[in-house]
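> CSV, C-alpha atoms, file query_9.csv:
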```
chain,number,residue,atom,x,y,z
F,1,MET,CA,-36.2,97.9,25.2
F,2,ALA,CA,-38.2,97.6,28.4
F,3,THR,CA,-38.6,95.9,31.8
F,4,ILE,CA,-42.0,94.1,31.8
F,5,LEU,CA,-43.8,92.3,34.6
F,6,SER,CA,-46.0,89.5,33.1
F,7,ILE,CA,-49.0,87.9,34.9
F,8,GLU,CA,-50.7,84.6,33.9
F,9,THR,CA,-53.7,83.3,35.8
F,10,SER,CA,-56.1,82.0,33.0
F,11,THR,CA,-56.0,78.3,34.0
F,12,GLU,CA,-55.1,76.3,37.1
F,13,VAL,CA,-51.6,77.6,37.0
F,14,CYS,CA,-50.6,80.9,38.6
F,15,SER,CA,-47.4,82.5,37.3
F,16,VAL,CA,-45.5,85.8,37.3
F,17,ALA,CA,-42.3,86.7,35.5
F,18,LEU,CA,-40.1,89.8,35.1
F,19,ALA,CA,-38.2,90.3,31.9
F,20,LYS,CA,-35.8,92.9,30.6
F,21,ASP,CA,-35.6,93.3,26.8
F,22,GLY,CA,-37.3,89.9,26.5
F,23,ASP,CA,-34.9,88.0,28.8
F,24,ILE,CA,-36.2,86.5,32.0
F,25,LEU,CA,-34.8,88.0,35.2
F,26,TRP,CA,-37.2,86.4,37.7
F,27,HIS,CA,-40.2,84.1,37.7
F,28,ARG,CA,-42.5,82.1,40.0
F,29,GLU,CA,-45.1,79.4,39.2
F,30,CYS,CA,-47.6,77.3,41.1
F,31,PHE,CA,-49.4,74.4,39.4
F,32,GLU,CA,-51.8,73.5,42.2
F,33,GLY,CA,-54.7,75.8,41.4
F,34,GLN,CA,-57.4,77.3,43.5
F,35,ALA,CA,-55.3,80.0,45.2
F,36,HIS,CA,-54.6,82.6,42.6
F,37,ALA,CA,-55.9,85.5,44.7
F,38,THR,CA,-53.4,84.7,47.5
F,39,LEU,CA,-50.5,83.5,45.4
F,40,LEU,CA,-50.5,86.3,42.8
F,41,ALA,CA,-50.1,89.0,45.5
F,42,THR,CA,-47.4,86.9,47.3
F,43,PHE,CA,-45.4,86.4,44.1
F,44,ILE,CA,-45.5,90.1,43.2
F,45,GLN,CA,-44.4,91.0,46.7
F,46,GLU,CA,-41.5,88.6,46.4
F,47,LEU,CA,-40.6,90.1,43.1
F,48,LEU,CA,-40.6,93.6,44.3
F,49,SER,CA,-38.5,92.7,47.4
F,50,GLU,CA,-35.9,90.8,45.4
F,51,GLN,CA,-35.7,92.9,42.2
F,52,LYS,CA,-34.8,96.5,42.7
F,53,ILE,CA,-35.6,97.7,39.2
F,54,ASP,CA,-38.0,100.1,37.6
F,55,ILE,CA,-40.9,98.4,35.7
F,56,ASP,CA,-41.9,99.9,32.4
F,57,ALA,CA,-45.1,98.0,31.7
F,58,VAL,CA,-47.3,95.2,33.0
F,59,ALA,CA,-48.4,92.4,30.6
F,60,VAL,CA,-51.4,90.1,31.4
F,61,SER,CA,-52.7,87.0,29.8
F,62,CYS,CA,-56.3,88.2,28.9
F,63,GLY,CA,-58.2,85.0,28.0
F,64,PRO,CA,-60.0,82.9,27.1
F,65,GLY,CA,-59.8,80.8,30.2
F,66,SER,CA,-61.1,80.6,33.8
F,67,TYR,CA,-63.5,83.4,34.6
F,68,THR,CA,-62.3,83.8,38.1
F,69,GLY,CA,-58.6,83.4,37.2
F,70,LEU,CA,-58.9,86.0,34.4
F,71,ARG,CA,-60.6,88.5,36.8
F,72,ILE,CA,-57.9,88.1,39.3
F,73,GLY,CA,-55.0,88.5,36.8
F,74,VAL,CA,-56.5,91.4,34.9
F,75,SER,CA,-57.7,93.4,38.0
F,76,THR,CA,-54.2,93.0,39.6
F,77,ALA,CA,-52.5,94.1,36.4
F,78,LYS,CA,-54.8,97.1,36.1
F,79,GLY,CA,-54.2,98.1,39.7
F,80,LEU,CA,-50.4,97.9,39.3
F,81,CYS,CA,-50.6,100.0,36.1
F,82,TYR,CA,-52.8,102.6,37.6
F,83,GLY,CA,-50.7,102.8,40.8
F,84,TRP,CA,-47.4,103.0,39.0
F,85,GLY,CA,-48.6,105.1,36.1
F,86,ILE,CA,-47.3,102.6,33.5
F,87,PRO,CA,-49.0,101.0,30.4
F,88,LEU,CA,-51.0,97.8,30.3
F,89,ILE,CA,-50.3,95.1,27.6
F,90,ALA,CA,-52.8,92.3,27.0
F,91,ILE,CA,-51.8,89.0,25.3
F,92,ASP,CA,-54.2,86.3,24.1
F,93,THR,CA,-53.9,83.2,26.3
F,94,LEU,CA,-53.9,81.0,23.2
F,95,LYS,CA,-50.9,82.9,21.9
F,96,VAL,CA,-49.2,82.4,25.2
F,97,LEU,CA,-49.8,78.6,24.9
F,98,CYS,CA,-48.3,78.7,21.3
F,99,CYS,CA,-45.2,80.4,22.6
F,100,GLY,CA,-44.7,77.5,25.1
F,101,ALA,CA,-45.4,74.9,22.4
F,102,MET,CA,-42.9,76.5,20.0
F,103,LYS,CA,-40.1,76.1,22.6
F,104,LYS,CA,-40.8,72.3,22.8
F,105,MET,CA,-41.3,71.5,19.2
F,106,ALA,CA,-38.3,69.4,18.0
F,107,GLU,CA,-38.7,70.4,14.3
F,108,LYS,CA,-40.5,73.3,12.6
F,109,GLU,CA,-42.6,72.3,9.6
F,110,GLU,CA,-43.8,75.2,7.5
F,111,ASN,CA,-47.3,73.9,6.8
F,112,VAL,CA,-48.1,72.9,10.3
F,113,TRP,CA,-50.6,74.9,12.3
F,114,LEU,CA,-50.7,75.2,16.0
F,115,CYS,CA,-54.0,74.4,17.8
F,116,PRO,CA,-53.9,75.5,21.5
F,117,MET,CA,-56.8,74.2,23.6
F,118,ILE,CA,-58.1,75.4,26.9
F,119,ASP,CA,-60.5,73.0,28.7
F,120,ALA,CA,-64.0,74.4,28.8
F,121,ARG,CA,-65.5,71.3,30.6
F,122,ARG,CA,-67.1,68.2,29.1
F,123,MET,CA,-66.0,67.9,25.5
F,124,GLU,CA,-65.7,71.6,24.9
F,125,VAL,CA,-62.5,73.6,24.4
F,126,TYR,CA,-61.6,77.2,23.7
F,127,THR,CA,-59.3,77.1,20.7
F,128,GLY,CA,-58.1,78.8,17.6
F,129,PHE,CA,-55.4,78.2,15.0
F,130,PHE,CA,-52.0,79.9,14.5
F,131,ASP,CA,-49.1,79.5,12.1
F,132,GLN,CA,-45.6,79.2,13.4
F,133,GLN,CA,-45.0,82.9,13.1
F,134,LEU,CA,-47.8,83.2,15.7
F,135,ASN,CA,-50.2,84.8,13.2
F,136,GLN,CA,-53.8,83.7,14.0
F,137,GLN,CA,-55.3,81.9,11.1
F,138,VAL,CA,-58.7,80.9,12.5
F,139,ASP,CA,-60.6,83.1,15.1
F,140,THR,CA,-60.9,82.0,18.7
F,141,ARG,CA,-64.0,80.0,19.4
F,142,ALA,CA,-65.6,77.5,21.8
F,143,GLU,CA,-65.6,74.1,20.1
F,144,ILE,CA,-67.4,70.9,21.1
F,145,ILE,CA,-64.9,68.2,20.0
F,146,GLU,CA,-66.3,65.4,17.9
F,147,GLU,CA,-64.9,63.1,15.2
F,148,ASN,CA,-65.2,65.6,12.4
F,149,SER,CA,-64.0,68.7,14.3
F,150,PHE,CA,-61.5,70.7,12.2
F,151,SER,CA,-61.8,68.3,9.3
F,152,GLU,CA,-61.6,71.1,6.7
F,153,ILE,CA,-58.5,72.6,8.3
F,154,VAL,CA,-56.8,69.2,8.8
F,155,SER,CA,-57.4,68.4,5.1
F,156,GLN,CA,-55.1,71.3,4.3
F,157,HIS,CA,-52.7,71.5,7.3
F,158,PRO,CA,-51.3,69.1,9.8
F,159,ILE,CA,-52.1,70.4,13.2
F,160,ILE,CA,-50.4,70.1,16.6
F,161,CYS,CA,-52.8,70.2,19.6
F,162,PHE,CA,-51.7,71.2,23.1
F,163,GLY,CA,-53.0,72.8,26.3
F,164,ASN,CA,-55.1,71.4,29.2
F,165,GLY,CA,-58.0,70.8,26.8
F,166,ALA,CA,-56.0,68.6,24.4
F,167,GLU,CA,-55.7,65.4,26.4
F,168,LYS,CA,-59.4,64.6,26.2
F,169,CYS,CA,-59.3,65.0,22.4
F,170,LYS,CA,-56.7,62.3,21.7
F,171,ALA,CA,-59.2,59.4,21.4
F,172,ILE,CA,-61.5,61.4,19.1
F,173,LEU,CA,-59.1,63.4,16.9
F,174,ALA,CA,-56.9,60.5,16.0
F,175,SER,CA,-56.0,61.4,12.4
F,176,LYS,CA,-52.4,61.1,11.1
F,177,GLN,CA,-52.7,64.8,10.4
F,178,VAL,CA,-53.2,65.5,14.1
F,179,ALA,CA,-50.3,65.4,16.6
F,180,TYR,CA,-50.1,66.3,20.3
F,181,LEU,CA,-47.7,68.0,22.6
F,182,ASP,CA,-48.1,67.2,26.3
F,183,ASP,CA,-47.6,69.3,29.4
F,184,ILE,CA,-47.9,72.7,27.6
F,185,LYS,CA,-49.3,75.3,30.1
F,186,PRO,CA,-49.8,79.1,29.7
F,187,LEU,CA,-46.9,80.5,31.7
F,188,ALA,CA,-45.8,84.1,32.3
F,189,VAL,CA,-42.2,83.2,31.3
F,190,ASN,CA,-43.6,82.5,27.8
F,191,MET,CA,-45.1,86.0,27.5
F,192,ALA,CA,-41.8,87.9,27.5
F,193,GLU,CA,-41.0,88.1,23.8
F,194,VAL,CA,-44.5,88.9,22.7
F,195,ALA,CA,-44.8,91.5,25.5
F,196,GLU,CA,-41.6,93.1,24.4
F,197,SER,CA,-42.8,93.2,20.8
F,198,TYR,CA,-46.1,94.8,21.8
F,199,CYS,CA,-44.3,97.3,24.0
F,200,ARG,CA,-42.1,98.4,21.1
F,201,GLU,CA,-45.2,98.7,18.9
F,202,LYS,CA,-47.0,100.6,21.7
F,203,ARG,CA,-49.9,98.1,21.7
F,204,PHE,CA,-51.3,99.3,25.0
F,205,GLU,CA,-54.7,98.9,26.5
F,206,ASP,CA,-56.9,101.5,28.2
F,207,VAL,CA,-56.3,100.7,31.9
F,208,ALA,CA,-59.7,102.1,33.0
F,209,TYR,CA,-61.9,100.2,30.5
F,210,PHE,CA,-60.0,97.0,29.6
F,211,GLU,CA,-61.8,93.7,30.3
F,212,PRO,CA,-60.7,90.1,29.9
F,213,PHE,CA,-61.7,88.1,26.9
F,214,TYR,CA,-64.1,85.5,28.6
F,215,LEU,CA,-65.5,84.2,25.3
F,216,LYS,CA,-68.5,82.8,27.2
F,217,GLU,CA,-70.6,84.4,29.9
F,218,PHE,CA,-70.0,83.3,33.5
F,219,VAL,CA,-72.8,81.1,34.8
F,220,ALA,CA,-73.0,80.7,38.6
F,221,THR,CA,-74.2,77.3,39.9
F,222,VAL,CA,-75.4,76.1,43.3
F,223,GLY,CA,-74.5,72.7,44.7
F,224,LYS,CA,-77.2,70.2,45.0
F,225,ASN,CA,-76.7,69.8,48.7
F,226,LYS,CA,-76.5,73.5,49.4
F,227,VAL,CA,-78.3,74.3,52.7
F,228,PHE,CA,-79.5,77.9,53.3
```
How does the structure come out when it is put into structure tokens?

Amino acid sequence: MATILSIETSTEVCSVALAKDGDILWHRECFEGQAHATLLATFIQELLSEQKIDIDAVAVSCGPGSYTGLRIGVSTAKGLCYGWGIPLIAIDTLKVLCCGAMKKMAEKEENVWLCPMIDARRMEVYTGFFDQQLNQQVDTRAEIIEENSFSEIVSQHPIICFGNGAEKCKAILASKQVAYLDDIKPLAVNMAEVAESYCREKRFEDVAYFEPFYLKEFVATVGKNKVF
């Protein structure tokens, strides 16, 4: 039983939530992107001014996802943990997406696997496969989507794809074994139950040395019309 602040900044969405024993007490989201550094600090200030309650741990969505977004979220979470002297919990972003998808699934079919997808530009996505108990069945990887992607998995399990990388896959992965859930985003409110479970199990990270799971190295680019 704990009060946990959750932070999610791995995609274009910035969100913060406060939960006690897995139940949401307060939350904020912005879906407009490009302002995580400002918004995250603002949301946390609002939370602290409105919720007069001791926080036992901070949970952060740790990737894969946007390099900059993950840096902002994880560095903020680490700073709060260090300053308050409380533990850090890290939750896989793909698992956060799965939690959101499970809430929207009308029916649960035992053999169906969940396939969260985070856009990695062009036809590439960050993905993995989970059963409906949120056990990861296939390791997280960067996948370039083509007609035969996941064919071996789909031959054994129907899959449900979702996340901001799924829309571009619809025309290519059009099998009867592949379904899609729209408008599933990684949100801090969907981290609460997993964060509570991890806290009970004392699955904490080393605040000093923990780093986000980028999956791929960051590559800086310079615009073609850049003038020095």
> Stretch 57-94 of chain F near stretch 202-215 of chain F within 7 Å: what's each residue's closest atom pair and its distance in Å to one decimal, counting only C-alpha atoms, ordered by chain then ascending residue number, as a Markdown table?

```
| residue | atom | partner | partner_atom | distance |
| --- | --- | --- | --- | --- |
| F:Cys62 | CA | F:Pro212 | CA | 4.9 |
| F:Gly63 | CA | F:Phe213 | CA | 4.8 |
| F:Pro64 | CA | F:Tyr214 | CA | 5.1 |
| F:Gly65 | CA | F:Tyr214 | CA | 6.6 |
| F:Tyr67 | CA | F:Tyr214 | CA | 6.4 |
| F:Leu70 | CA | F:Pro212 | CA | 6.3 |
| F:Val74 | CA | F:Pro212 | CA | 6.7 |
| F:Lys78 | CA | F:Val207 | CA | 5.7 |
| F:Tyr82 | CA | F:Val207 | CA | 7.0 |
| F:Pro87 | CA | F:Phe204 | CA | 6.1 |
| F:Leu88 | CA | F:Glu205 | CA | 5.4 |
| F:Ile89 | CA | F:Phe204 | CA | 5.0 |
| F:Ala90 | CA | F:Glu205 | CA | 6.9 |
```
> Could the residues of stretch 74-121 of chain F that have an atom at most 8 Å from stretch 191-194 of chain F be listed as a tab-separated table, each with its closest atom pair and the distance in Å to one decimal, counting all atoms listed in the file and ordered by chain and ascending residue number?

```
residue	atom	partner	partner_atom	distance
F:Ile91	CA	F:Met191	CA	7.7
F:Val96	CA	F:Met191	CA	5.9
F:Cys99	CA	F:Met191	CA	7.4
```
> Of the candidates F:Gly22, F:Gly73, F:Gly79, F:Gly163, which shows the shortest atom-to-atom distance to F:Leu94, using only C-alpha atoms?
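Under the stated criterion, the closest residue is F:Gly163.
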> Using only C-alpha atoms, find each residue of stretch 170-227 of chain F with at least one atom at most 9 Å away from an atom of stretch 3-12 of chain F; report its shortest atom-to-atom pair and that distance in Å (one decimal), sort the rows by chain and rising residue number, and return the result as CSV.

```
residue,atom,partner,partner_atom,distance
F:Lys185,CA,F:Thr11,CA,8.3
F:Pro186,CA,F:Glu8,CA,7.0
F:Leu187,CA,F:Glu8,CA,6.0
F:Ala188,CA,F:Glu8,CA,5.2
F:Val189,CA,F:Ser6,CA,7.6
F:Met191,CA,F:Ser6,CA,6.7
F:Ala192,CA,F:Ser6,CA,7.2
F:Ala195,CA,F:Ile4,CA,7.4
F:Glu196,CA,F:Ile4,CA,7.5
F:Cys199,CA,F:Ile4,CA,8.7
```
> Atom CA of F:Arg200 to atom CA of F:Ser15: how many Å, to one decimal?
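One can read the atom CA of F:Arg200 to atom CA of F:Ser15 distance as 23.3 Å.
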> What gap, in Å, lies between atom CA of F:Ile53 and atom CA of F:Asn190?
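About the pair atom CA of F:Ile53 and atom CA of F:Asn190: they are 20.6 Å apart.
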> Work out how far apart atom CA of F:Asp131 and atom CA of F:Ala57 are and give it in Å to one decimal.
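For atom CA of F:Asp131 relative to atom CA of F:Ala57, the distance reads 27.2 Å.
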> Skip stretch 33-45 of chain F itself and residues of its chain fewer than 6 positions away, then list as a count of residues only all residues within 7 Å of it, counting all atoms listed in the file.
7
> I want to know what sits within 6 Å of stretch 116-119 of chain F, based on all atoms listed in the file, with residues of the same chain fewer than 5 positions away left out; could you give that as a list in words?
Leu94, Val125, Tyr126, Thr127, Cys161, Phe162, Gly163, Asn164, Gly165 and Ala166 of chain F
> Can you rebuild stretch 164-191 of chain F with N, CA and C atoms and give it as a compact mmCIF listing (two decimals), keeping the file's coordinate frame?

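Below is the file part-v1.txt, written as the result:
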```txt
# COMPACT_ATOMS: atom_id res chain seq x y z
N ASN F 164 -54.40 72.33 28.26
CA ASN F 164 -55.10 71.40 29.20
C ASN F 164 -56.42 70.89 28.62
N GLY F 165 -56.81 71.33 27.42
CA GLY F 165 -58.00 70.80 26.80
C GLY F 165 -57.66 69.69 25.74
N ALA F 166 -56.38 69.49 25.46
CA ALA F 166 -56.00 68.60 24.40
C ALA F 166 -56.06 67.11 24.75
N GLU F 167 -55.79 66.79 26.01
CA GLU F 167 -55.70 65.40 26.40
C GLU F 167 -57.02 64.65 26.12
N LYS F 168 -58.15 65.28 26.39
CA LYS F 168 -59.40 64.60 26.20
C LYS F 168 -59.80 64.45 24.73
N CYS F 169 -59.04 65.09 23.84
CA CYS F 169 -59.30 65.00 22.40
C CYS F 169 -58.59 63.89 21.70
N LYS F 170 -57.62 63.29 22.37
CA LYS F 170 -56.70 62.30 21.70
C LYS F 170 -57.49 61.14 21.11
N ALA F 171 -58.45 60.63 21.83
CA ALA F 171 -59.20 59.40 21.40
C ALA F 171 -60.13 59.78 20.23
N ILE F 172 -60.55 61.04 20.14
CA ILE F 172 -61.50 61.40 19.10
C ILE F 172 -60.87 61.98 17.88
N LEU F 173 -59.89 62.84 18.06
CA LEU F 173 -59.10 63.40 16.90
C LEU F 173 -57.86 62.57 16.75
N ALA F 174 -57.99 61.46 16.07
CA ALA F 174 -56.90 60.50 16.00
C ALA F 174 -56.32 60.39 14.58
N SER F 175 -56.48 61.40 13.77
CA SER F 175 -56.00 61.40 12.40
C SER F 175 -54.43 61.47 12.38
N LYS F 176 -53.84 60.95 11.30
CA LYS F 176 -52.40 61.10 11.10
C LYS F 176 -51.98 62.54 10.96
N GLN F 177 -52.94 63.38 10.62
CA GLN F 177 -52.70 64.80 10.40
C GLN F 177 -52.70 65.58 11.77
N VAL F 178 -53.05 64.88 12.84
CA VAL F 178 -53.20 65.50 14.10
C VAL F 178 -52.13 64.96 15.11
N ALA F 179 -51.25 65.83 15.63
CA ALA F 179 -50.30 65.40 16.60
C ALA F 179 -50.53 66.17 17.92
N TYR F 180 -49.89 65.70 18.99
CA TYR F 180 -50.10 66.30 20.30
C TYR F 180 -48.81 66.57 21.01
N LEU F 181 -48.78 67.68 21.72
CA LEU F 181 -47.70 68.00 22.60
C LEU F 181 -48.22 68.00 24.03
N ASP F 182 -47.58 67.26 24.93
CA ASP F 182 -48.10 67.20 26.30
C ASP F 182 -47.42 68.23 27.19
N ASP F 183 -48.10 68.48 28.29
CA ASP F 183 -47.60 69.30 29.40
C ASP F 183 -47.24 70.75 28.90
N ILE F 184 -48.09 71.32 28.04
CA ILE F 184 -47.90 72.70 27.60
C ILE F 184 -48.95 73.54 28.43
N LYS F 185 -48.47 74.46 29.23
CA LYS F 185 -49.30 75.30 30.10
C LYS F 185 -49.06 76.76 29.75
N PRO F 186 -50.07 77.62 29.92
CA PRO F 186 -49.80 79.10 29.70
C PRO F 186 -49.02 79.59 30.92
N LEU F 187 -47.81 80.08 30.66
CA LEU F 187 -46.90 80.50 31.70
C LEU F 187 -46.44 81.96 31.43
N ALA F 188 -46.23 82.73 32.49
CA ALA F 188 -45.80 84.10 32.30
C ALA F 188 -44.40 84.19 31.67
N VAL F 189 -43.54 83.19 31.88
CA VAL F 189 -42.20 83.20 31.30
C VAL F 189 -42.30 83.18 29.73
N ASN F 190 -43.40 82.61 29.22
CA ASN F 190 -43.60 82.50 27.80
C ASN F 190 -44.22 83.75 27.15
N MET F 191 -44.50 84.74 27.97
CA MET F 191 -45.10 86.00 27.50
C MET F 191 -44.05 87.02 27.14
```
